[in-house]
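Next comes run-v5.txt, a file with compact mmCIF, C-alpha atoms and all ligand atoms.
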# COMPACT_ATOMS: atom_id res chain seq x y z
CA MET A 1 -30.49 35.23 42.19
CA LYS A 2 -31.75 31.83 41.00
CA PHE A 3 -35.11 33.41 40.31
CA LEU A 4 -33.48 36.17 38.22
CA VAL A 5 -31.61 33.60 36.13
CA PHE A 6 -34.86 31.72 35.63
CA ILE A 7 -36.60 34.92 34.47
CA LEU A 8 -33.76 35.71 32.08
CA ILE A 9 -33.85 32.23 30.58
CA MET A 10 -37.62 32.45 30.19
CA LEU A 11 -37.32 35.87 28.57
CA SER A 12 -34.72 34.75 26.05
CA PHE A 13 -36.82 31.68 25.31
CA VAL A 14 -39.85 33.88 24.62
CA ALA A 15 -37.74 36.25 22.49
CA CYS A 16 -36.42 33.35 20.40
CA LYS A 17 -39.81 31.74 20.05
CA GLU A 18 -41.37 34.97 18.95
CA SER A 19 -38.97 35.59 16.09
CA GLU A 20 -39.07 32.05 14.77
CA PHE A 21 -40.68 31.55 11.37
CA LYS A 22 -43.83 29.46 11.59
CA THR A 23 -44.75 29.55 7.94
CA GLY A 24 -42.76 29.49 4.72
CA ARG A 25 -42.46 32.34 2.27
CA TYR A 26 -42.87 32.65 -1.47
CA PHE A 27 -40.19 34.79 -3.07
CA ALA A 28 -39.60 36.30 -6.51
CA GLY A 29 -38.85 33.77 -9.22
CA GLY A 30 -41.36 31.31 -7.68
CA VAL A 31 -38.87 30.26 -4.98
CA TYR A 32 -40.51 28.76 -1.88
CA ALA A 33 -38.57 28.81 1.39
CA PRO A 34 -40.20 26.60 4.04
CA ALA A 35 -40.17 27.74 7.68
CA GLU A 36 -37.45 25.23 8.67
CA LYS A 37 -35.13 26.65 6.03
CA LEU A 38 -35.72 30.24 7.17
CA ASN A 39 -35.06 29.20 10.77
CA LEU A 40 -31.84 27.43 9.77
CA GLY A 41 -30.90 30.54 7.77
CA LYS A 42 -31.50 32.73 10.76
CA SER A 43 -29.26 30.64 13.01
CA VAL A 44 -26.47 30.63 10.39
CA TYR A 45 -26.89 34.39 10.04
CA THR A 46 -26.67 34.95 13.79
CA GLU A 47 -23.54 32.89 14.05
CA TYR A 48 -21.59 34.00 10.96
CA CYS A 49 -23.01 37.16 9.47
CA MET A 50 -24.68 39.33 12.10
CA ALA A 51 -21.44 40.80 13.45
CA CYS A 52 -21.05 42.75 10.20
CA HIS A 53 -24.47 42.83 8.55
CA GLY A 54 -26.30 43.66 11.81
CA VAL A 55 -29.23 42.21 13.80
CA GLU A 56 -31.65 44.11 11.58
CA GLY A 57 -29.72 43.40 8.37
CA ASP A 58 -28.94 47.09 7.96
CA GLY A 59 -25.17 46.61 7.70
CA ASN A 60 -24.53 48.21 11.08
CA GLY A 61 -23.19 45.20 12.99
CA VAL A 62 -20.71 45.60 15.84
CA ALA A 63 -17.79 44.63 13.58
CA ALA A 64 -18.87 46.90 10.71
CA LYS A 65 -17.22 50.07 11.99
CA GLY A 66 -14.55 51.41 9.69
CA LEU A 67 -14.92 48.70 7.04
CA ILE A 68 -14.36 49.97 3.50
CA PRO A 69 -16.49 49.09 1.66
CA PRO A 70 -19.09 48.71 4.43
CA PRO A 71 -21.15 45.51 4.73
CA ARG A 72 -24.26 45.40 2.56
CA ASN A 73 -27.45 46.89 4.01
CA PHE A 74 -29.91 44.08 3.23
CA LYS A 75 -32.94 46.25 4.01
CA LYS A 76 -32.46 48.03 0.69
CA GLY A 77 -32.65 44.87 -1.39
CA ILE A 78 -29.85 46.18 -3.66
CA TYR A 79 -27.13 43.63 -4.45
CA LYS A 80 -24.07 44.71 -6.41
CA PHE A 81 -22.72 41.52 -7.90
CA GLY A 82 -25.61 39.44 -9.24
CA LYS A 83 -25.18 38.10 -12.77
CA VAL A 84 -28.16 40.02 -14.16
CA ILE A 85 -28.51 43.53 -15.58
CA ALA A 86 -28.07 46.01 -12.71
CA GLY A 87 -31.45 46.73 -11.16
CA GLU A 88 -32.92 43.29 -11.84
CA LEU A 89 -33.26 40.60 -9.17
CA PRO A 90 -30.35 38.14 -8.91
CA HIS A 91 -30.60 34.33 -9.01
CA ASP A 92 -30.09 32.30 -5.82
CA MET A 93 -27.14 30.31 -7.15
CA HIS A 94 -25.05 33.40 -7.84
CA MET A 95 -25.67 34.93 -4.41
CA VAL A 96 -24.97 31.58 -2.74
CA HIS A 97 -21.72 31.48 -4.74
CA ILE A 98 -20.73 34.90 -3.33
CA ILE A 99 -21.55 33.75 0.21
CA GLN A 100 -19.35 30.67 -0.17
CA ASN A 101 -16.55 32.30 -2.17
CA GLY A 102 -16.44 35.87 -0.84
CA LEU A 103 -15.61 39.10 -2.63
CA ASN A 104 -11.93 39.79 -3.42
CA GLY A 105 -10.20 42.26 -1.14
CA SER A 106 -13.19 42.99 1.11
CA ALA A 107 -14.31 41.93 4.59
CA MET A 108 -16.81 39.68 2.81
CA PHE A 109 -14.70 36.53 3.19
CA PRO A 110 -15.43 33.11 1.75
CA TRP A 111 -17.60 31.51 4.47
CA ASP A 112 -16.96 27.85 5.07
CA ILE A 113 -20.57 26.72 5.35
CA SER A 114 -22.42 23.89 3.61
CA ASP A 115 -24.52 24.35 0.46
CA ASP A 116 -27.66 23.92 2.57
CA GLN A 117 -26.59 26.50 5.12
CA ALA A 118 -25.55 28.97 2.40
CA ASP A 119 -28.85 28.63 0.57
CA ALA A 120 -30.81 28.92 3.86
CA VAL A 121 -28.99 32.07 4.96
CA TRP A 122 -29.56 33.69 1.56
CA GLN A 123 -33.31 32.92 1.80
CA TYR A 124 -33.29 34.43 5.31
CA ILE A 125 -31.50 37.57 4.02
CA LYS A 126 -34.39 38.08 1.59
CA THR A 127 -36.73 38.53 4.58
CA PHE A 128 -34.93 41.79 5.46
CA SER A 129 -36.37 43.30 2.29
CA PRO A 130 -39.92 41.95 1.84
CA GLU A 131 -40.90 44.69 -0.61
CA THR A 132 -38.13 43.45 -2.91
CA TRP A 133 -38.68 39.69 -2.60
CA ASP A 134 -42.21 38.84 -1.47
CA GLY A 135 -44.48 37.53 -4.20
CA LYS A 136 -43.80 34.42 -6.26
CA ASP A 137 -44.92 36.08 -9.49
CA LYS A 138 -42.12 38.64 -9.48
CA ALA A 139 -39.55 37.89 -12.17
CA LEU A 140 -35.81 37.51 -11.71
CA GLY A 141 -33.43 39.11 -14.19
CA GLU A 142 -32.18 37.20 -17.22
CA GLU A 143 -29.02 35.30 -16.35
CA LEU A 144 -25.86 36.60 -18.05
CA PHE A 145 -23.18 34.28 -19.44
CA ALA A 146 -19.74 34.70 -20.95
CA LYS A 147 -19.99 32.95 -24.31
CA ASN A 148 -18.71 33.40 -27.86
CA ASP A 149 -15.44 35.14 -27.04
CA PRO A 150 -14.50 36.57 -30.48
CA PHE A 151 -10.78 36.74 -29.59
CA GLY A 152 -9.59 33.77 -27.52
CA LEU A 153 -6.00 33.24 -26.45
CA ALA A 154 -4.68 33.37 -30.00
CA ARG A 155 -5.74 36.98 -30.46
CA LYS A 156 -5.19 38.12 -26.89
CA SER A 157 -2.71 40.93 -27.61
CA TYR A 158 -4.92 42.25 -30.40
CA ALA A 159 -7.88 42.22 -27.97
CA ILE A 160 -5.88 44.15 -25.35
CA GLU A 161 -4.87 46.85 -27.87
CA LYS A 162 -8.44 47.18 -29.09
CA GLY A 163 -9.69 47.16 -25.49
CA LYS A 164 -7.39 50.06 -24.66
CA GLU A 165 -9.07 52.11 -27.39
CA VAL A 166 -12.56 51.10 -26.29
CA TYR A 167 -11.69 51.95 -22.68
CA HIS A 168 -10.30 55.42 -23.41
CA VAL A 169 -12.29 56.57 -26.43
CA THR A 170 -15.48 54.62 -27.18
CA ALA A 171 -16.64 54.09 -23.58
CA GLN A 172 -14.53 56.70 -21.75
CA CYS A 173 -14.21 54.51 -18.68
CA GLN A 174 -11.72 57.07 -17.34
CA SER A 175 -14.59 59.48 -16.69
CA CYS A 176 -15.06 57.52 -13.42
CA HIS A 177 -12.03 55.21 -13.25
CA ARG A 178 -8.66 56.63 -14.41
CA ALA A 179 -6.73 56.75 -17.67
CA TYR A 180 -3.80 54.43 -18.32
CA VAL A 181 -2.23 56.09 -21.39
CA PRO A 182 -0.17 59.29 -21.74
CA LYS A 183 -1.98 62.35 -23.07
CA GLN A 184 -0.34 62.22 -26.50
CA GLU A 185 -1.46 58.63 -26.97
CA LEU A 186 -4.96 59.48 -25.73
CA SER A 187 -5.16 62.18 -28.37
CA ASP A 188 -3.70 59.84 -31.04
CA ILE A 189 -6.22 57.07 -30.42
CA THR A 190 -9.06 59.58 -30.20
CA TYR A 191 -7.98 60.84 -33.63
CA LYS A 192 -7.75 57.27 -34.96
CA LEU A 193 -11.29 56.41 -33.83
CA GLU A 194 -13.12 59.70 -34.07
CA GLY A 195 -11.07 61.78 -36.54
CA GLU A 196 -10.61 64.52 -33.98
CA ARG A 197 -7.84 65.35 -31.53
CA ILE A 198 -8.06 66.57 -27.97
CA ALA A 199 -6.80 70.16 -27.69
CA SER A 200 -3.85 70.46 -25.31
CA ASP A 201 -5.90 72.49 -22.82
CA GLU A 202 -8.89 70.15 -22.95
CA PHE A 203 -7.56 67.20 -20.98
CA ASP A 204 -9.52 66.47 -17.83
CA GLU A 205 -7.40 67.52 -14.85
CA ASP A 206 -8.50 64.40 -12.97
CA LEU A 207 -7.56 62.14 -15.89
CA TYR A 208 -5.30 60.00 -13.69
CA LYS A 209 -7.51 59.98 -10.57
CA VAL A 210 -10.39 57.69 -9.62
CA LYS A 211 -13.56 59.67 -8.99
CA LEU A 212 -15.96 58.71 -6.14
CA GLN A 213 -19.53 58.20 -7.39
CA ASP A 214 -22.90 58.87 -5.77
CA SER A 215 -24.78 55.64 -5.23
CA ASP A 216 -27.99 54.02 -3.99
CA HIS A 217 -26.01 52.41 -1.16
CA ASP A 218 -25.35 54.32 2.07
CA TYR A 219 -22.00 55.68 0.87
CA ARG A 220 -20.22 56.94 -2.25
CA THR A 221 -18.67 54.15 -4.28
CA LEU A 222 -15.09 54.04 -5.48
CA PRO A 223 -14.35 53.09 -9.09
CA PRO A 224 -11.24 50.93 -8.72
CA ASP A 225 -7.84 51.65 -10.23
CA PHE A 226 -7.46 48.16 -11.73
CA THR A 227 -3.68 48.16 -11.17
CA TRP A 228 -4.08 49.00 -7.48
CA HIS A 229 -7.47 48.14 -5.97
CA TRP A 230 -9.20 44.79 -5.93
CA VAL A 231 -11.84 43.90 -8.48
CA ARG A 232 -14.29 42.25 -6.12
CA SER A 233 -16.38 39.97 -8.28
CA ALA A 234 -14.02 39.09 -11.11
CA SER A 235 -10.71 37.32 -11.61
CA THR A 236 -10.84 36.08 -15.21
CA VAL A 237 -11.57 37.77 -18.55
CA GLN A 238 -14.92 35.90 -18.58
CA ASP A 239 -15.84 37.19 -15.10
CA ILE A 240 -15.01 40.75 -16.15
CA TYR A 241 -17.10 40.36 -19.31
CA VAL A 242 -20.15 39.31 -17.24
CA ARG A 243 -19.56 42.19 -14.81
CA LEU A 244 -19.46 44.69 -17.70
CA LEU A 245 -22.67 43.26 -19.17
CA SER A 246 -24.28 43.50 -15.75
CA GLY A 247 -22.83 46.64 -14.20
CA VAL A 248 -22.56 46.99 -10.41
CA ASN A 249 -26.09 47.50 -9.12
CA GLY A 250 -26.73 50.77 -7.30
CA SER A 251 -23.11 51.93 -7.51
CA GLY A 252 -22.84 54.20 -10.55
CA MET A 253 -21.09 51.48 -12.58
CA PRO A 254 -23.53 51.03 -15.48
CA SER A 255 -24.35 47.99 -17.58
CA TRP A 256 -22.52 48.24 -20.92
CA LYS A 257 -24.69 45.66 -22.65
CA ASP A 258 -26.56 47.98 -24.98
CA THR A 259 -24.10 50.88 -24.92
CA ILE A 260 -21.13 49.35 -26.73
CA THR A 261 -20.92 46.26 -28.97
CA ASP A 262 -20.40 42.75 -27.64
CA GLU A 263 -16.96 42.60 -29.29
CA GLU A 264 -16.02 45.88 -27.62
CA ILE A 265 -17.08 44.51 -24.23
CA TRP A 266 -14.88 41.43 -24.77
CA ALA A 267 -11.94 43.59 -25.88
CA VAL A 268 -12.17 45.91 -22.88
CA SER A 269 -12.43 42.84 -20.60
CA TYR A 270 -9.07 41.61 -21.94
CA TYR A 271 -7.65 45.09 -21.41
CA VAL A 272 -8.92 45.39 -17.80
CA LYS A 273 -7.51 41.92 -17.06
CA SER A 274 -4.09 43.06 -18.38
CA LEU A 275 -4.24 46.05 -16.02
CA MET A 276 -5.24 43.80 -13.08
CA GLU A 277 -2.11 41.73 -13.73
CA LEU A 278 0.03 44.77 -12.85
CA LYS A 279 -1.32 44.80 -9.29
CA ASP A 280 1.40 44.27 -6.67
CA SER A 281 4.07 43.88 -9.35
CA GLN A 282 7.29 45.74 -10.16
CA GLU A 283 5.97 46.34 -13.66
CA ARG A 284 3.29 48.61 -12.26
CA GLU A 285 5.88 51.15 -11.18
CA VAL A 286 7.57 51.07 -14.59
CA PHE A 287 4.19 51.37 -16.31
CA MET A 288 3.16 54.42 -14.24
CA LYS A 289 6.58 56.06 -14.58
CA LYS A 290 6.35 55.75 -18.37
CA ILE A 291 3.04 57.64 -18.43
CA GLU A 292 4.51 60.34 -16.20
CA THR A 293 7.70 60.72 -18.24
CA LYS A 294 5.84 60.86 -21.54
CA ASN A 295 3.50 63.52 -20.15
CA LYS A 296 6.48 65.57 -19.04
CA VAL A 297 7.92 65.42 -22.54
CA PHE A 298 4.51 66.44 -23.83
CA GLU A 299 4.46 69.46 -21.52
CA ALA A 300 8.05 70.50 -22.25
CA ASN A 301 8.24 69.98 -26.01
CA GLY A 302 4.71 70.76 -26.96
CA TYR A 303 2.02 68.62 -28.30
CA ARG A 304 1.88 66.90 -31.65
CA ASP A 305 -1.47 67.55 -33.29
C1 LIG B 401 -16.38 40.69 8.50
C2 LIG B 401 -17.58 41.32 7.98
C3 LIG B 401 -18.58 40.47 7.22
C4 LIG B 401 -19.17 39.29 7.63
C5 LIG B 401 -18.98 38.56 8.93
C6 LIG B 401 -20.06 38.90 6.54
N1 LIG B 401 -20.02 39.81 5.53
FE1 LIG B 401 -21.20 39.81 3.88
N2 LIG B 401 -20.33 41.53 3.25
C7 LIG B 401 -19.36 42.22 3.93
C8 LIG B 401 -18.98 43.38 3.16
C9 LIG B 401 -17.93 44.39 3.55
C10 LIG B 401 -19.75 43.36 1.98
C11 LIG B 401 -19.74 44.38 0.86
C12 LIG B 401 -18.66 44.19 -0.19
C13 LIG B 401 -18.74 45.22 -1.31
O1 LIG B 401 -19.58 46.11 -1.30
O2 LIG B 401 -17.94 45.08 -2.22
C14 LIG B 401 -20.60 42.19 2.08
C15 LIG B 401 -21.55 41.83 1.13
C16 LIG B 401 -22.41 40.77 1.24
C17 LIG B 401 -23.45 40.43 0.28
C18 LIG B 401 -23.83 41.24 -0.94
C19 LIG B 401 -23.26 40.75 -2.25
C20 LIG B 401 -23.76 41.63 -3.40
O3 LIG B 401 -23.75 41.16 -4.54
O4 LIG B 401 -24.16 42.76 -3.17
C21 LIG B 401 -24.06 39.30 0.74
C22 LIG B 401 -25.24 38.58 0.11
C23 LIG B 401 -23.41 38.93 1.96
N3 LIG B 401 -22.41 39.83 2.24
C24 LIG B 401 -23.76 37.83 2.72
C25 LIG B 401 -23.11 37.47 3.88
C26 LIG B 401 -23.44 36.26 4.61
C27 LIG B 401 -24.52 35.28 4.25
C28 LIG B 401 -22.58 36.22 5.68
C29 LIG B 401 -22.48 35.14 6.74
C30 LIG B 401 -22.36 33.76 6.27
C31 LIG B 401 -21.74 37.41 5.62
N4 LIG B 401 -22.09 38.12 4.51
C32 LIG B 401 -20.80 37.74 6.56
C33 LIG B 401 -18.83 41.90 5.16
C34 LIG B 401 -19.14 40.79 5.91
C1 LIG B 402 -20.29 56.46 -14.21
C2 LIG B 402 -19.09 55.96 -13.58
C3 LIG B 402 -18.44 54.72 -14.16
C4 LIG B 402 -18.09 54.46 -15.47
C5 LIG B 402 -18.30 55.34 -16.69
C6 LIG B 402 -17.45 53.17 -15.46
N1 LIG B 402 -17.41 52.66 -14.20
FE1 LIG B 402 -16.65 50.87 -13.65
N2 LIG B 402 -17.14 51.23 -11.73
C7 LIG B 402 -17.72 52.39 -11.25
C8 LIG B 402 -17.87 52.28 -9.82
C9 LIG B 402 -18.44 53.34 -8.90
C10 LIG B 402 -17.40 51.01 -9.44
C11 LIG B 402 -17.32 50.43 -8.05
C12 LIG B 402 -18.55 49.61 -7.72
C13 LIG B 402 -18.50 49.12 -6.30
O1 LIG B 402 -17.80 48.14 -6.01
O2 LIG B 402 -19.23 49.70 -5.49
C14 LIG B 402 -16.94 50.39 -10.68
C15 LIG B 402 -16.43 49.10 -10.73
C16 LIG B 402 -15.91 48.51 -11.87
C17 LIG B 402 -15.32 47.19 -11.92
C18 LIG B 402 -15.13 46.27 -10.74
C19 LIG B 402 -16.29 45.37 -10.46
C20 LIG B 402 -16.00 44.49 -9.29
O3 LIG B 402 -16.34 43.29 -9.36
O4 LIG B 402 -15.44 44.96 -8.29
C21 LIG B 402 -14.91 46.98 -13.21
C22 LIG B 402 -14.21 45.74 -13.76
C23 LIG B 402 -15.27 48.16 -13.96
N3 LIG B 402 -15.88 49.06 -13.12
C24 LIG B 402 -14.98 48.34 -15.30
C25 LIG B 402 -15.36 49.45 -16.03
C26 LIG B 402 -15.10 49.60 -17.44
C27 LIG B 402 -14.29 48.64 -18.28
C28 LIG B 402 -15.70 50.77 -17.81
C29 LIG B 402 -15.82 51.33 -19.20
C30 LIG B 402 -16.35 50.39 -20.20
C31 LIG B 402 -16.29 51.36 -16.62
N4 LIG B 402 -16.07 50.53 -15.57
C32 LIG B 402 -16.96 52.55 -16.60
C33 LIG B 402 -18.10 53.47 -12.00
C34 LIG B 402 -17.98 53.58 -13.37

Please render this file's structure as structure tokens.
Ligand code: HEC
Ligand code: HEC
Amino acid sequence: MKFLVFILIMLSFVACKESEFKTGRYFAGGVYAPAEKLNLGKSVYTEYCMACHGVEGDGNGVAAKGLIPPPRNFKKGIYKFGKVIAGELPHDMHMVHIIQNGLNGSAMFPWDISDDQADAVWQYIKTFSPETWDGKDKALGEELFAKNDPFGLARKSYAIEKGKEVYHVTAQCQSCHRAYVPKQELSDITYKLEGERIASDEFDEDLYKVKLQDSDHDYRTLPPDFTWHWVRSASTVQDIYVRLLSGVNGSGMPSWKDTITDEEIWAVSYYVKSLMELKDSQEREVFMKKIETKNKVFEANGYRD
């Protein structure tokens, strides 16, 4: 028995020793992670992260079963919430921020670890996807900021109204998310912006449903209903603005940076924030009922065109 215990201890010692980092690594953006940091990162990972993200970093940890959304598969090197255009490599500070502050409404909680530990574990996570990170000459994406808000608090209600039009007409966010205006109003604002109405038989039958999207992750991604689901990476108008500039990498949610104007992105950020404020409130029910009632009137009395 004693001998068996001795063998087991020796084996685990060998196993640990073998997987220890002996040399540092150079990562994209010229970041150097010395061996001690990677080893610290590994021990933090084993203690706090492995249960969900898995021994191999593939997102299949013992506690990952049934989680929606599932934990990130780090082997793919695709991160959703960096503050860079979707597809580009994120900066350390933003990923460390996510690790310490979590993602709203998901199993990715804010982890109470020190700045050193958070940075070390993020460097270690990079080692799951060497083809993404190895090589100090690889460039990171350009960092995105929320600056030059053309509206500000003084013109907030104007921004929300304009944002509603951008959302439903210019950008057609409801093609993945859902609409938040009755059909008559949708036709009216389409006419206002484009000079053409929507024929009464041309409304999308899934106008008020969120539509699952194919993705580069291991599952189909859900465009949130902003009045119901959590927005994971954003709480303020500024956060939403950065998310719209960036998109959600690998998920089907595109970057809007060069698709609509900067002012339109700001306006739609104010609008999305106003929808988020309805979450878990009595007003949400009233708001939804109003859309339903107006659509019933539209169906019964015919359509103004
Ligand atoms: C209880 C389960 C759980 C644990 C434990 C956990 N995570 Fe996560 N993590 C998640 C889930 C779920 C997501 C995906 C959220 C999403 O897709 O919106 C995630 C996403 C991430 C992301 C990706 C962010 C992005 O922009 O794509 C990183 C990085 C991350 N976790 C790091 C960590 C680190 C570091 C730890 C340990 C300190 C940890 N996680 C512990 C569940 C967990
Ligand atoms: C082609 C489909 C598609 C279109 C069009 C689209 N989205 Fe998304 N959006 C998604 C998906 C999918 C997600 C969920 C990403 C995830 O968490 O995996 C998402 C997530 C979001 C989020 C939440 C990000 C977070 O931090 O959780 C916001 C905000 C958002 N979209 C706003 C918009 C706005 C505003 C528009 C129009 C300007 C828009 N989206 C158009 C597919 C789309």

**OP:** Name the residues, by chain letter and number, that sit within 6 Å of ligand LIG 402 (chain B) using all atoms listed in the file, and give them as a ChimeraX atom specification.
**Re:** /A:167,171,173,175-176,213,221-224,231-234,240,248,251-253,268

Subject >> Test item: residues at most 7 Å from segment 285-295 of chain A, only C-alpha atoms, excluding those fewer than 6 positions along its chain, as a PyMOL selection string >> reply: chain A and resi 181-183

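Neighbouring residues of ligand LIG 401 (chain B) at a cut-off of 6 Å, counting all atoms listed in the file, are Tyr45, Tyr48, Cys49, Ala51, Cys52, Pro69, Pro70, Pro71, Arg72, Tyr79, Lys80, Phe81, Gly82, Met95, Ile99, Ser106, Ala107, Met108, Trp111, Val121 and Trp122 of chain A.
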
Subject >> Length of the atom CA of Ala300 of chain A to atom CA of Ile189 of chain A vector [Å] >> reply: 21.2 Å

Given 4 Å on each side, where is the centre and what are the edge lengths in Å to one decimal of the axis-aligned box enclosing the listed atoms of segment 108-116 of chain A, as JSON?
{"center_x": -21.2, "center_y": 31.8, "center_z": 2.9, "size_x": 21.0, "size_y": 23.8, "size_z": 12.9}

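Residue nearest Ser187 of chain A, chosen from A:Glu202, A:Gly30, A:Leu245, A:Asp214 and counting all atoms listed in the file: A:Glu202.
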